[in-house]
$ cat upload14.cif   # mmCIF, C-alpha atoms and all ligand atoms
data_data
loop_
_atom_site.label_atom_id
_atom_site.label_comp_id
_atom_site.auth_asym_id
_atom_site.auth_seq_id
_atom_site.Cartn_x
_atom_site.Cartn_y
_atom_site.Cartn_z
CA MET A 1 12.07 107.57 253.10
CA VAL A 2 11.46 105.91 249.75
CA SER A 3 8.40 104.79 247.86
CA GLU A 4 7.50 101.12 248.08
CA ASN A 5 7.33 101.00 244.29
CA LYS A 6 11.03 101.79 243.91
CA LYS A 7 12.20 98.19 244.26
CA ALA A 8 15.59 97.09 245.56
CA ALA A 9 15.88 100.30 247.59
CA THR A 10 15.38 99.26 251.17
CA PRO A 11 15.00 96.08 253.23
CA VAL A 12 12.72 97.55 255.94
CA ALA A 13 9.13 98.73 255.82
CA VAL A 14 7.58 100.74 258.64
CA VAL A 15 3.79 100.74 258.50
CA MET A 16 1.42 102.41 260.94
CA GLY A 17 -2.33 102.50 261.35
CA SER A 18 -2.73 106.28 261.32
CA ASP A 19 -0.80 109.49 260.82
CA SER A 20 -1.45 110.06 264.54
CA ASP A 21 1.07 107.24 265.17
CA MET A 22 3.87 109.13 263.43
CA ALA A 23 4.87 111.18 266.49
CA VAL A 24 6.04 107.95 268.17
CA MET A 25 7.16 106.10 265.05
CA LYS A 26 9.54 108.93 264.12
CA SER A 27 11.92 107.47 266.70
CA CYS A 28 11.82 104.12 264.91
CA ILE A 29 12.50 105.73 261.55
CA GLY A 30 15.26 107.86 263.11
CA GLN A 31 16.91 104.83 264.67
CA LEU A 32 16.89 103.04 261.31
CA GLY A 33 18.35 106.20 259.76
CA SER A 34 21.25 106.11 262.21
CA PHE A 35 22.17 102.77 260.59
CA ASP A 36 21.78 104.29 257.11
CA ILE A 37 18.52 102.49 256.48
CA SER A 38 15.84 104.61 254.86
CA PRO A 39 12.67 102.53 255.19
CA VAL A 40 9.54 102.38 253.10
CA VAL A 41 6.99 104.21 255.28
CA ARG A 42 3.25 103.64 254.84
CA ILE A 43 0.05 104.51 256.64
CA LEU A 44 -2.14 101.42 256.29
CA SER A 45 -4.97 100.30 258.52
CA ALA A 46 -6.18 96.76 259.14
CA HIS A 47 -9.65 98.21 259.66
CA ARG A 48 -9.91 101.37 257.54
CA THR A 49 -7.91 100.21 254.49
CA PRO A 50 -8.00 96.40 254.84
CA GLN A 51 -7.53 95.75 251.12
CA MET A 52 -4.50 98.04 250.83
CA ALA A 53 -2.94 96.55 253.95
CA ALA A 54 -3.44 93.03 252.55
CA GLU A 55 -1.93 93.98 249.18
CA PHE A 56 1.05 95.59 250.87
CA ALA A 57 1.70 92.44 252.91
CA GLN A 58 1.32 90.12 249.93
CA ASN A 59 3.70 92.17 247.76
CA ALA A 60 6.30 93.10 250.39
CA ALA A 61 8.73 90.21 249.84
CA GLY A 62 8.54 90.65 246.06
CA ASN A 63 9.35 94.34 246.54
CA GLY A 64 12.62 93.50 248.30
CA ILE A 65 11.41 94.03 251.87
CA LYS A 66 13.05 91.71 254.41
CA VAL A 67 11.53 92.89 257.69
CA ILE A 68 8.22 94.63 258.34
CA ILE A 69 7.66 96.85 261.38
CA ALA A 70 3.95 97.41 262.00
CA ALA A 71 2.64 99.86 264.59
CA ALA A 72 -0.90 100.56 265.71
CA GLY A 73 -2.95 101.61 268.68
CA MET A 74 -6.31 100.55 270.15
CA ALA A 75 -7.49 97.18 268.68
CA ALA A 76 -4.11 96.87 266.99
CA HIS A 77 -4.61 94.19 264.36
CA LEU A 78 -2.26 95.64 261.74
CA ALA A 79 0.84 93.60 262.60
CA GLY A 80 -1.15 90.37 262.87
CA ALA A 81 -3.09 91.00 259.67
CA ILE A 82 0.21 91.55 257.85
CA ALA A 83 1.87 88.52 259.48
CA GLY A 84 -0.97 86.34 258.21
CA ARG A 85 -0.17 87.32 254.64
CA THR A 86 3.63 87.09 254.45
CA THR A 87 6.49 84.83 255.51
CA LEU A 88 8.69 87.86 256.28
CA PRO A 89 9.43 88.55 259.95
CA VAL A 90 6.93 91.05 261.36
CA ILE A 91 7.77 93.21 264.37
CA GLY A 92 4.74 94.70 266.11
CA VAL A 93 4.82 98.01 267.96
CA PRO A 94 1.82 98.53 270.25
CA LEU A 95 0.95 102.20 270.71
CA ALA A 96 -0.97 104.08 273.38
CA ALA A 97 -3.61 105.88 271.30
CA LYS A 98 -5.33 109.01 272.63
CA GLU A 99 -8.69 107.24 272.80
CA GLY A 100 -7.26 103.92 273.94
CA VAL A 101 -6.57 102.47 277.39
CA GLY A 102 -2.92 103.36 277.77
CA GLY A 103 -1.58 100.87 275.26
CA LEU A 104 -2.61 97.67 277.04
CA ASP A 105 -5.33 97.22 274.41
CA ALA A 106 -2.76 97.45 271.61
CA LEU A 107 -0.20 95.33 273.46
CA LEU A 108 -2.59 92.39 273.86
CA SER A 109 -3.97 92.76 270.32
CA THR A 110 -0.44 92.68 268.92
CA VAL A 111 1.22 90.03 271.07
CA GLN A 112 -1.55 87.44 271.46
CA MET A 113 -1.14 85.82 268.06
CA PRO A 114 -2.31 82.26 267.48
CA PRO A 115 0.36 79.55 267.06
CA GLY A 116 1.85 79.55 263.58
CA VAL A 117 1.59 83.31 262.96
CA PRO A 118 4.13 85.09 265.17
CA VAL A 119 4.45 88.82 265.62
CA ALA A 120 7.65 89.78 267.46
CA THR A 121 6.11 92.30 269.81
CA VAL A 122 8.14 95.07 271.46
CA ALA A 123 7.23 97.41 274.32
CA VAL A 124 4.45 100.00 274.11
CA GLY A 125 5.37 103.41 272.72
CA LYS A 126 8.68 105.12 271.97
CA ALA A 127 10.95 102.54 273.67
CA GLY A 128 9.27 99.82 271.64
CA ALA A 129 9.48 101.88 268.47
CA LYS A 130 13.25 102.25 268.90
CA ASN A 131 13.67 98.60 269.81
CA ALA A 132 11.69 97.56 266.73
CA ALA A 133 14.29 99.34 264.60
CA ILE A 134 17.17 97.70 266.47
CA LEU A 135 15.57 94.26 266.25
CA ALA A 136 15.06 94.72 262.50
CA ILE A 137 18.73 95.69 262.18
CA GLN A 138 19.78 92.65 264.23
CA ILE A 139 17.81 90.40 261.85
CA LEU A 140 19.37 92.04 258.78
CA ALA A 141 22.85 91.95 260.36
CA LEU A 142 22.78 88.13 260.30
CA SER A 143 23.53 88.35 256.59
CA ASP A 144 25.11 91.82 256.34
CA LYS A 145 28.65 92.19 257.66
CA ILE A 146 28.73 96.00 257.53
CA LEU A 147 25.48 96.24 259.47
CA ALA A 148 26.81 93.70 261.98
CA GLU A 149 29.88 95.90 262.55
CA LYS A 150 27.72 99.01 263.00
CA LEU A 151 25.55 97.10 265.45
CA ALA A 152 28.60 96.05 267.49
CA GLU A 153 29.73 99.71 267.60
CA PHE A 154 26.24 100.79 268.67
CA LYS A 155 26.19 98.29 271.55
CA LYS A 156 29.71 99.28 272.59
CA ALA A 157 28.77 102.99 272.64
CA GLN A 158 25.67 102.18 274.67
CA GLU A 159 27.78 100.23 277.16
CA GLN A 160 30.30 103.07 277.37
CA LYS A 161 27.56 105.59 278.26
CA VAL A 162 26.48 103.48 281.24
CA ILE A 163 30.09 103.00 282.37
CA GLU A 164 30.60 106.79 282.29
CA LYS A 165 27.42 107.41 284.29
CA ASP A 166 28.52 104.83 286.86
CA SER A 167 32.02 106.36 287.06
CA ALA A 168 30.53 109.81 287.63
CA LEU A 169 28.86 108.48 290.77
CA GLN A 170 32.07 107.07 292.28
C1 LIG A 201 -5.33 102.84 265.24
O1 LIG A 201 -6.22 103.68 265.89
C2 LIG A 201 -4.17 103.73 264.84
O2 LIG A 201 -3.00 102.96 264.76
C3 LIG A 201 -4.12 104.75 265.93
O3 LIG A 201 -3.15 104.42 266.92
C4 LIG A 201 -5.52 104.70 266.53
C5 LIG A 201 -6.28 106.00 266.39
O4 LIG A 201 -6.27 106.42 265.05
P1 LIG A 201 -6.74 107.89 264.64
O5 LIG A 201 -8.19 108.00 265.04
O6 LIG A 201 -5.86 108.86 265.38
O7 LIG A 201 -6.54 107.97 263.15
O8 LIG A 201 -5.89 102.22 264.14
#

$ encode --input "upload14.cif" --output "structure tokens" --more "lines below"
Ligand code: RP5
Amino acid sequence: MVSENKKAATPVAVVMGSDSDMAVMKSCIGQLGSFDISPVVRILSAHRTPQMAAEFAQNAAGNGIKVIIAAAGMAAHLAGAIAGRTTLPVIGVPLAAKEGVGGLDALLSTVQMPPGVPVATVAVGKAGAKNAAILAIQILALSDKILAEKLAEFKKAQEQKVIEKDSALQ
């Protein structure tokens, strides 16, 4: 992980509404790490630190960030609040908070953006957290040949695992 202030370092930022989100978001950070991407990681809240979240969003592109992954639970406005303040692609990860209603609250808060301000919303929880990383990598791979090759290898390995499981049943 690197500090946001060290420019040029990394093209991905992973932000989350609370440290209680880290248990799930570790799988996102780990997935990025497996592609040699060490993201900027921040805890920023649309509700508890609205000013800091706004400043982060406004400065992200200037700090070299190309994709923002934003995760939150309950009334999950973080991804949308960021998307309203940047032209960078924002991937939203809805989380099932302890005090929430199983993640449906966060899913609807994240996905139901008004026209003109998209948040690319993935599944609730760990699967979504991992997919957010892969989607970010797919976006970056459009203009990064090495990343595109790593992505092709990743998909191939994934395919191979399923083929082996199927073969074991025959
Ligand atoms: C959201 O509220 C956070 O993203 C978290 O998922 C949820 C609960 O936060 P804590 O009370 O655990 O800090 O803003």

$ residues_around --input "upload14.cif" --residues "Phe35 (chain A)" --least-positions-apart "2" --cutoff "8 Å" --atoms "only C-alpha atoms" --output "list in words"
Gln31, Leu32, Gly33, Ile37, Leu147 and Lys150 of chain A

$ write_last_selection --input "upload14.cif" --atoms "C-alpha atoms" --output "PDB file, keeping the file's coordinate frame"
ATOM      1  CA  GLN A  31      16.910 104.830 264.670  1.00  0.00           C
ATOM      2  CA  LEU A  32      16.890 103.040 261.310  1.00  0.00           C
ATOM      3  CA  GLY A  33      18.350 106.200 259.760  1.00  0.00           C
ATOM      4  CA  ILE A  37      18.520 102.490 256.480  1.00  0.00           C
ATOM      5  CA  LEU A 147      25.480  96.240 259.470  1.00  0.00           C
ATOM      6  CA  LYS A 150      27.720  99.010 263.000  1.00  0.00           C
TER       7      LYS A 150
END

$ closest_residue --input "upload14.cif" --among "A:Ala148, A:Ala13, A:Ile137, A:Met74" --to "ligand LIG 201 (chain A)" --atoms "all atoms listed in the file"
A:Met74

$ atom_distance --input "upload14.cif" --atom1 "CA of Gly64 (chain A)" --atom2 "CA of Gln138 (chain A)"
17.5 Å

$ closest_residue --input "upload14.cif" --among "A:Leu95, A:Ala106, A:Ala136, A:Ala157" --to "Ile68 (chain A)" --atoms "only C-alpha atoms"
A:Ala136

$ atom_distance --input "upload14.cif" --atom1 "CA of Gly30 (chain A)" --atom2 "CA of Leu151 (chain A)"
15.1 Å

$ residues_near_ligand --input "upload14.cif" --ligand "ligand LIG 201 (chain A)" --cutoff "12 Å" --atoms "all atoms listed in the file" --output "count of residues only"
49

$ atom_distance --input "upload14.cif" --atom1 "CA of Ala123 (chain A)" --atom2 "CA of Glu55 (chain A)"
27.0 Å
